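Novice: For reference, the file data_34.pdb (PDB, C-alpha atoms) is included below:
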MODEL        1
ATOM      1  CA  MET A 265     156.707 134.139  59.059
ATOM      2  CA  GLY A 266     158.866 134.427  55.945
ATOM      3  CA  GLY A 267     160.665 131.610  54.248
ATOM      4  CA  PRO A 268     164.347 130.700  54.379
ATOM      5  CA  PRO A 269     167.103 132.749  52.698
ATOM      6  CA  MET A 270     166.999 132.647  48.918
ATOM      7  CA  ILE A 271     170.760 132.760  48.346
ATOM      8  CA  ASP A 272     172.068 129.192  48.188
ATOM      9  CA  GLY A 273     174.903 129.593  50.707
ATOM     10  CA  ALA A 274     172.640 131.140  53.314
ATOM     11  CA  PHE A 275     169.980 128.525  52.556
ATOM     12  CA  ALA A 276     172.513 125.724  53.141
ATOM     13  CA  ARG A 277     173.384 127.273  56.517
ATOM     14  CA  TRP A 278     169.688 127.592  57.427
ATOM     15  CA  LEU A 279     169.009 123.993  56.418
ATOM     16  CA  ALA A 280     171.949 122.536  58.348
ATOM     17  CA  ALA A 281     170.936 124.547  61.413
ATOM     18  CA  ARG A 282     167.353 123.242  61.305
ATOM     19  CA  ALA A 283     168.520 119.647  61.086
ATOM     20  CA  GLY A 284     170.963 120.285  63.942
ATOM     21  CA  VAL A 285     168.218 121.602  66.205
ATOM     22  CA  ALA A 286     166.140 118.475  65.503
ATOM     23  CA  LEU A 287     169.112 116.233  66.338
ATOM     24  CA  VAL A 288     169.889 117.966  69.628
ATOM     25  CA  ARG A 289     166.229 117.677  70.622
ATOM     26  CA  LEU A 290     166.168 113.986  69.678
ATOM     27  CA  ARG A 291     169.276 113.260  71.746
ATOM     28  CA  SER A 292     167.689 114.917  74.749
ATOM     29  CA  GLU A 293     164.387 113.073  74.350
ATOM     30  CA  MET A 294     165.768 109.576  73.690
ATOM     31  CA  GLY A 295     168.840 109.541  75.903
ATOM     32  CA  PHE A 296     171.742 107.149  75.309
ATOM     33  CA  ALA A 297     170.527 103.837  76.733
ATOM     34  CA  ASP A 298     169.932 102.313  73.290
ATOM     35  CA  ALA A 299     172.732 103.484  70.991
ATOM     36  CA  GLY A 300     171.426 101.580  67.979
ATOM     37  CA  ALA A 301     167.971 103.101  68.223
ATOM     38  CA  LEU A 302     169.413 106.584  68.694
ATOM     39  CA  LYS A 303     171.648 106.231  65.628
ATOM     40  CA  ALA A 304     168.764 105.066  63.442
ATOM     41  CA  ALA A 305     166.432 107.761  64.720
ATOM     42  CA  GLY A 306     169.078 110.458  64.227
ATOM     43  CA  ASP A 307     169.699 109.486  60.617
ATOM     44  CA  LYS A 308     165.965 109.459  59.872
ATOM     45  CA  VAL A 309     165.011 112.654  61.692
ATOM     46  CA  SER A 310     167.731 114.753  60.091
ATOM     47  CA  HIS A 311     167.181 113.227  56.634
ATOM     48  CA  ASP A 312     163.453 113.912  56.836
ATOM     49  CA  VAL A 313     163.981 117.542  57.899
ATOM     50  CA  ILE A 314     166.421 118.242  55.062
ATOM     51  CA  ARG A 315     164.467 116.357  52.404
ATOM     52  CA  THR A 316     161.192 118.075  53.367
ATOM     53  CA  GLU A 317     162.690 121.568  53.196
ATOM     54  CA  LEU A 318     164.479 120.901  49.910
ATOM     55  CA  ALA A 319     161.264 119.581  48.365
ATOM     56  CA  LYS A 320     159.470 122.724  49.513
ATOM     57  CA  TRP A 321     162.050 125.408  48.746
ATOM     58  CA  ARG A 322     164.199 123.885  45.982
ATOM     59  CA  PRO A 323     161.753 121.574  44.168
ATOM     60  CA  GLY A 324     163.631 121.739  40.868
ATOM     61  CA  ASP A 325     166.901 120.520  42.338
ATOM     62  CA  VAL A 326     168.091 116.928  42.672
ATOM     63  CA  VAL A 327     169.345 115.396  45.943
ATOM     64  CA  LEU A 328     172.056 112.864  46.731
ATOM     65  CA  SER A 329     171.742 111.831  50.376
ATOM     66  CA  GLU A 330     173.522 109.129  52.330
ATOM     67  CA  GLU A 331     170.137 107.984  53.579
ATOM     68  CA  ASP A 332     168.534 107.596  50.156
ATOM     69  CA  GLU A 333     167.948 104.007  49.125
ATOM     70  CA  GLY A 334     170.590 102.912  46.662
ATOM     71  CA  SER A 335     172.801 105.933  47.288
ATOM     72  CA  ARG A 336     175.940 103.774  47.567
ATOM     73  CA  LEU A 337     175.519 102.101  44.182
ATOM     74  CA  ALA A 338     178.349 102.465  41.717
ATOM     75  CA  TRP A 339     175.885 103.882  39.208
ATOM     76  CA  ALA A 340     178.046 103.622  36.112
ATOM     77  CA  ALA A 341     178.413  99.875  36.543
ATOM     78  CA  GLU A 342     175.068  98.917  38.018
ATOM     79  CA  VAL A 343     172.466 101.340  36.683
ATOM     80  CA  ASN A 344     171.757 102.892  33.312
ATOM     81  CA  ALA A 345     173.235 106.360  33.727
ATOM     82  CA  GLY A 346     170.323 107.884  31.822
ATOM     83  CA  ALA A 347     167.976 106.711  34.568
ATOM     84  CA  VAL A 348     169.850 108.588  37.305
ATOM     85  CA  SER A 349     168.539 112.140  37.281
ATOM     86  CA  ARG A 350     171.442 113.673  39.197
ATOM     87  CA  LEU A 351     173.879 112.816  36.380
ATOM     88  CA  THR A 352     172.076 115.115  33.968
ATOM     89  CA  ALA A 353     170.876 117.706  36.502
ATOM     90  CA  ASP A 354     172.299 121.213  36.677
ATOM     91  CA  ARG A 355     172.042 121.441  40.471
ATOM     92  CA  VAL A 356     172.459 118.622  43.003
ATOM     93  CA  TRP A 357     172.330 118.909  46.796
ATOM     94  CA  ILE A 358     174.795 116.479  48.376
ATOM     95  CA  ILE A 359     173.881 115.857  52.001
ATOM     96  CA  ASP A 360     174.920 113.764  54.953
ATOM     97  CA  PRO A 361     172.097 114.193  57.455
ATOM     98  CA  LEU A 362     174.206 112.865  60.341
ATOM     99  CA  ASP A 363     177.939 112.525  59.885
ATOM    100  CA  GLY A 364     179.345 110.634  62.852
ATOM    101  CA  THR A 365     176.408 108.529  64.011
ATOM    102  CA  ARG A 366     178.701 106.665  66.400
ATOM    103  CA  GLU A 367     179.670 109.877  68.170
ATOM    104  CA  PHE A 368     176.084 111.147  68.091
ATOM    105  CA  ALA A 369     175.026 108.091  70.100
ATOM    106  CA  GLU A 370     177.748 108.522  72.740
ATOM    107  CA  GLU A 371     176.882 110.745  75.680
ATOM    108  CA  GLY A 372     179.184 113.744  75.989
ATOM    109  CA  ARG A 373     180.615 113.565  72.473
ATOM    110  CA  SER A 374     180.334 116.646  70.303
ATOM    111  CA  ASP A 375     182.303 115.569  67.196
ATOM    112  CA  TRP A 376     179.332 114.834  64.920
ATOM    113  CA  ALA A 377     177.898 117.026  62.193
ATOM    114  CA  VAL A 378     175.273 117.805  59.572
ATOM    115  CA  HIS A 379     176.502 118.325  55.986
ATOM    116  CA  VAL A 380     174.630 120.285  53.312
ATOM    117  CA  ALA A 381     176.353 121.102  50.003
ATOM    118  CA  LEU A 382     175.257 122.226  46.553
ATOM    119  CA  TRP A 383     176.962 121.057  43.358
ATOM    120  CA  SER A 384     176.371 123.029  40.157
ATOM    121  CA  ARG A 385     177.194 122.155  36.577
ATOM    122  CA  ALA A 386     178.036 125.829  36.034
ATOM    123  CA  ALA A 387     180.550 125.993  38.899
ATOM    124  CA  PRO A 388     183.918 127.577  38.036
ATOM    125  CA  THR A 389     185.899 125.100  40.177
ATOM    126  CA  PRO A 390     186.816 121.453  39.451
ATOM    127  CA  HIS A 391     184.934 120.159  42.499
ATOM    128  CA  GLY A 392     181.739 121.871  41.361
ATOM    129  CA  LEU A 393     180.655 122.896  44.850
ATOM    130  CA  VAL A 394     179.053 126.350  44.954
ATOM    131  CA  ALA A 395     177.559 126.380  48.456
ATOM    132  CA  GLY A 396     177.860 124.410  51.648
ATOM    133  CA  ALA A 397     177.394 124.384  55.397
ATOM    134  CA  VAL A 398     178.580 122.174  58.231
ATOM    135  CA  ALA A 399     176.629 122.273  61.469
ATOM    136  CA  LEU A 400     178.289 121.034  64.656
ATOM    137  CA  PRO A 401     175.202 121.252  66.861
ATOM    138  CA  ALA A 402     176.714 119.897  70.085
ATOM    139  CA  GLN A 403     179.512 122.457  69.746
ATOM    140  CA  GLN A 404     177.042 125.233  68.911
ATOM    141  CA  ARG A 405     179.027 125.972  65.754
ATOM    142  CA  LEU A 406     177.915 126.456  62.175
ATOM    143  CA  LEU A 407     180.373 126.980  59.314
ATOM    144  CA  GLY A 408     179.211 128.021  55.856
ATOM    145  CA  THR A 409     180.359 129.295  52.495
ATOM    146  CA  ASP A 410     178.065 132.318  52.735
ATOM    147  CA  LYS A 411     180.258 133.721  55.514
ATOM    148  CA  PRO A 412     183.556 131.827  55.205
ATOM    149  CA  PRO A 413     185.666 131.734  58.362
ATOM    150  CA  ALA A 414     188.930 133.663  58.335
ATOM    151  CA  TYR A 415     191.983 131.704  57.239
ATOM    152  CA  PRO A 416     193.200 129.889  60.363
ATOM    153  CA  PRO A 417     196.199 131.412  62.149
ATOM    154  CA  MET A 418     199.400 129.413  62.464
ATOM    155  CA  THR A 419     199.918 128.264  66.037
ATOM    156  CA  VAL A 420     202.536 126.274  67.914
ATOM    157  CA  ALA A 421     201.422 122.940  69.366
ATOM    158  CA  ALA A 422     201.680 122.520  73.117
ATOM    159  CA  GLY A 423     204.993 120.962  74.170
ATOM    160  CA  ALA A 424     206.813 121.846  70.940
ATOM    161  CA  ALA A 425     210.462 122.853  71.229
ATOM    162  CA  PRO A 426     211.261 126.561  70.852
ATOM    163  CA  GLY A 427     211.121 127.557  67.192
ATOM    164  CA  VAL A 428     209.705 124.185  66.159
ATOM    165  CA  ARG A 429     206.125 123.896  65.032
ATOM    166  CA  THR A 430     204.568 120.440  65.245
ATOM    167  CA  ILE A 431     201.992 119.662  62.578
ATOM    168  CA  ARG A 432     198.689 118.505  64.023
ATOM    169  CA  LEU A 433     196.920 115.860  61.929
ATOM    170  CA  ALA A 434     193.281 115.016  62.568
ATOM    171  CA  ALA A 435     192.919 111.236  62.588
ATOM    172  CA  SER A 436     189.947 108.905  62.580
ATOM    173  CA  ARG A 437     189.096 107.392  65.952
ATOM    174  CA  SER A 438     188.111 104.082  64.394
ATOM    175  CA  ARG A 439     189.511 103.851  60.827
ATOM    176  CA  PRO A 440     192.780 105.761  60.459
ATOM    177  CA  PRO A 441     194.753 104.961  57.287
ATOM    178  CA  VAL A 442     197.300 102.248  58.047
ATOM    179  CA  PHE A 443     200.166 104.428  56.810
ATOM    180  CA  LEU A 444     199.248 107.489  58.875
ATOM    181  CA  THR A 445     201.485 106.693  61.856
ATOM    182  CA  ASP A 446     204.548 106.342  59.606
ATOM    183  CA  LEU A 447     203.638 109.503  57.706
ATOM    184  CA  ALA A 448     203.223 111.432  60.954
ATOM    185  CA  GLU A 449     206.650 110.310  62.119
ATOM    186  CA  ASP A 450     208.135 111.272  58.744
ATOM    187  CA  VAL A 451     206.844 114.873  58.863
ATOM    188  CA  GLY A 452     207.056 115.310  62.625
ATOM    189  CA  ALA A 453     203.306 115.420  63.117
ATOM    190  CA  HIS A 454     201.101 114.804  66.131
ATOM    191  CA  LEU A 455     197.917 112.761  65.578
ATOM    192  CA  VAL A 456     194.698 114.181  67.032
ATOM    193  CA  PRO A 457     191.886 111.561  67.139
ATOM    194  CA  MET A 458     188.417 112.868  66.254
ATOM    195  CA  GLY A 459     185.054 111.548  65.175
ATOM    196  CA  SER A 460     183.222 112.548  62.013
ATOM    197  CA  ALA A 461     184.850 113.747  58.796
ATOM    198  CA  GLY A 462     182.898 116.981  59.155
ATOM    199  CA  ALA A 463     184.303 117.591  62.614
ATOM    200  CA  LYS A 464     187.841 116.873  61.419
ATOM    201  CA  ILE A 465     187.699 119.205  58.422
ATOM    202  CA  ALA A 466     185.980 121.845  60.557
ATOM    203  CA  ALA A 467     188.928 121.584  62.942
ATOM    204  CA  VAL A 468     191.274 122.371  60.027
ATOM    205  CA  VAL A 469     189.081 125.331  59.056
ATOM    206  CA  THR A 470     189.150 126.750  62.563
ATOM    207  CA  GLY A 471     192.859 126.098  63.101
ATOM    208  CA  GLU A 472     192.518 123.468  65.835
ATOM    209  CA  VAL A 473     194.514 121.114  63.614
ATOM    210  CA  ASP A 474     196.584 121.724  60.492
ATOM    211  CA  ALA A 475     195.491 118.896  58.231
ATOM    212  CA  TYR A 476     193.171 115.956  57.745
ATOM    213  CA  ILE A 477     194.159 112.947  55.665
ATOM    214  CA  HIS A 478     191.733 110.159  54.867
ATOM    215  CA  ALA A 479     192.325 107.072  52.745
ATOM    216  CA  GLY A 480     190.021 104.445  54.196
ATOM    217  CA  GLY A 481     187.058 104.848  51.861
ATOM    218  CA  GLN A 482     184.376 107.517  51.885
ATOM    219  CA  TYR A 483     181.499 108.751  49.763
ATOM    220  CA  GLU A 484     180.802 112.174  48.293
ATOM    221  CA  TRP A 485     178.450 113.165  51.107
ATOM    222  CA  ASP A 486     181.175 112.558  53.696
ATOM    223  CA  SER A 487     183.259 115.469  52.430
ATOM    224  CA  ALA A 488     181.261 117.685  50.026
ATOM    225  CA  ALA A 489     180.016 120.262  52.534
ATOM    226  CA  PRO A 490     183.227 120.432  54.610
ATOM    227  CA  VAL A 491     185.332 120.728  51.446
ATOM    228  CA  ALA A 492     183.089 123.531  50.166
ATOM    229  CA  VAL A 493     183.657 125.448  53.407
ATOM    230  CA  ALA A 494     187.383 124.653  53.515
ATOM    231  CA  THR A 495     188.041 125.860  49.973
ATOM    232  CA  ALA A 496     185.907 128.963  50.528
ATOM    233  CA  THR A 497     188.189 129.660  53.500
ATOM    234  CA  GLY A 498     191.249 129.361  51.260
ATOM    235  CA  LEU A 499     192.520 125.961  52.395
ATOM    236  CA  HIS A 500     193.940 123.239  50.172
ATOM    237  CA  ALA A 501     191.679 120.280  49.345
ATOM    238  CA  SER A 502     192.551 117.443  46.960
ATOM    239  CA  ARG A 503     192.844 113.698  46.549
ATOM    240  CA  ILE A 504     195.903 112.276  48.302
ATOM    241  CA  ASP A 505     197.707 112.052  44.946
ATOM    242  CA  GLY A 506     197.182 115.797  44.493
ATOM    243  CA  SER A 507     194.447 115.498  41.854
ATOM    244  CA  ALA A 508     191.226 117.490  42.084
ATOM    245  CA  LEU A 509     188.257 116.360  44.126
ATOM    246  CA  LYS A 510     185.172 115.904  41.946
ATOM    247  CA  TYR A 511     181.559 115.571  43.036
ATOM    248  CA  ASN A 512     178.301 114.338  41.507
ATOM    249  CA  GLU A 513     180.240 111.632  39.714
ATOM    250  CA  ALA A 514     178.565 108.489  38.398
ATOM    251  CA  ASP A 515     180.153 106.479  41.199
ATOM    252  CA  PRO A 516     179.587 108.354  44.506
ATOM    253  CA  ARG A 517     182.597 106.736  46.168
ATOM    254  CA  LEU A 518     185.345 109.256  46.935
ATOM    255  CA  PRO A 519     187.790 107.161  48.924
ATOM    256  CA  ASP A 520     190.526 109.597  49.917
ATOM    257  CA  LEU A 521     191.281 113.264  50.475
ATOM    258  CA  LEU A 522     193.676 115.783  51.967
ATOM    259  CA  VAL A 523     192.508 119.042  53.532
ATOM    260  CA  CYS A 524     195.208 121.267  54.967
ATOM    261  CA  ARG A 525     196.802 124.678  55.167
ATOM    262  CA  LYS A 526     198.107 125.674  51.735
ATOM    263  CA  ASP A 527     201.653 126.087  53.034
ATOM    264  CA  LEU A 528     201.674 122.453  54.171
ATOM    265  CA  ALA A 529     200.226 120.911  50.993
ATOM    266  CA  PRO A 530     203.510 120.316  49.095
ATOM    267  CA  ARG A 531     205.144 118.720  52.138
ATOM    268  CA  LEU A 532     202.182 116.476  52.943
ATOM    269  CA  LEU A 533     201.598 115.453  49.313
ATOM    270  CA  ALA A 534     205.252 114.482  49.013
ATOM    271  CA  ALA A 535     205.002 112.419  52.206
ATOM    272  CA  LEU A 536     201.825 110.798  50.906
ATOM    273  CA  GLN A 537     203.677 109.677  47.783
ATOM    274  CA  ARG A 538     206.202 107.971  50.014
ATOM    275  CA  HIS A 539     203.755 106.279  52.366
ATOM    276  CA  SER A 540     200.398 105.683  50.684
ATOM    277  CA  GLY A 541     201.473 103.470  47.831
TER     278      GLY A 541
ENDMDL
END
Reformat the file's structure so that it appears as structure tokens.

Specialist:
Amino acid sequence: MGGPPMIDGAFARWLAARAGVALVRLRSEMGFADAGALKAAGDKVSHDVIRTELAKWRPGDVVLSEEDEGSRLAWAAEVNAGAVSRLTADRVWIIDPLDGTREFAEEGRSDWAVHVALWSRAAPTPHGLVAGAVALPAQQRLLGTDKPPAYPPMTVAAGAAPGVRTIRLAASRSRPPVFLTDLAEDVGAHLVPMGSAGAKIAAVVTGEVDAYIHAGGQYEWDSAAPVAVATATGLHASRIDGSALKYNEADPRLPDLLVCRKDLAPRLLAALQRHSG
């Protein structure tokens, strides 16, 4: 049998798919009686699959994974930057082997994901992401930059008055920003609770919701792959103050973001100025 695709975008899709298959199999084998054990096993199995394939097929690249020891360190403050290879590397894979471990360990939930993204120093965009894929294995969906989805169509939310379109905002099930309810009321939005960040941004990409706002604290691996796919699709992605998202920074914390339809970005950014201070 031949190896995986050589083009980075297709390789990211292939890699996310392989990890997804391993996670679905693990869920079936272990069941849901011990949620803690299933979460731990899921993180490890997916991390091992992705790390093994990257070592084999992209040995010259550097990896930043949620499951790597020390990955949450604020490197600039706590480690000599010269000792951190990803800060001087030309290519860094940013991965979240299992985004939404809570949902993964709940029977019947499908809002969990696998994130695989590639950052390049030579990228033409501020975020530096040149390839990415988000696998939603329990939904049998796989979104990637190699074949970006079509820009989502504008739809009218169920129950909306004639001629009035209600904005649908994806919201965290467990950690929604404290200001989000007030913001939703301000812009006439309907909150749609979902699990992982990958599932929420994927829902924006596919048009199931119109926007995702997060301000409760995240890391680069939580959003790199979904943002790569979203921007390849033509959607808006930024910090909640409107500034550019940046990846492979010294400090991997990336606490907030907005992903939405481009036509909604000015309205939502203005509302964020009013409510997120």

Novice: Within 12 Å of Leu444 in chain A, counting only C-alpha atoms, which residues qualify if same-chain residues fewer than 5 places away don't, as a list in words?

Specialist: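 Listed by chain and then number, they are Leu433, Ala434, Ala435, Ser436, Arg439, Glu449, Asp450, Val451, Gly452, Ala453, His454, Leu455, Val456, Pro457, Tyr476, Ile477, His478, Ala479, Gly480, Leu532, Ala535, Leu536, Arg538, His539, Ser540 and Gly541 of chain A.
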
Novice: Run through the PyMOL selection byres ((chain A and resi 307-323) around 7) on the given coordinates and return the selected residues as a ChimeraX atom specification.

Specialist: /A:279,283,286-287,303-306,324-325,331,361-362

Novice: Select, from A:Pro490, A:Pro530, A:Pro519, A:Pro413, the residue with the minimum atom-to-atom distance to Gly506 in chain A, counting all atoms listed in the file.

Specialist: A:Pro530

Novice: Taking all atoms listed in the file into account, which of A:Gly498, A:Pro416, A:Gly295, A:Pro440 comes nearest Met458 in chain A?

Specialist: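 So, comparing all the options, the nearest one is A:Pro440.
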
Novice: Could you pull the residues within 6 Å of range 350-357 of chain A, counting all atoms listed in the file, minus those fewer than 5 positions along the same chain, as JSON, numbers by chain?

Specialist: {"A": [325, 326, 327, 381, 382, 383, 384, 385]}
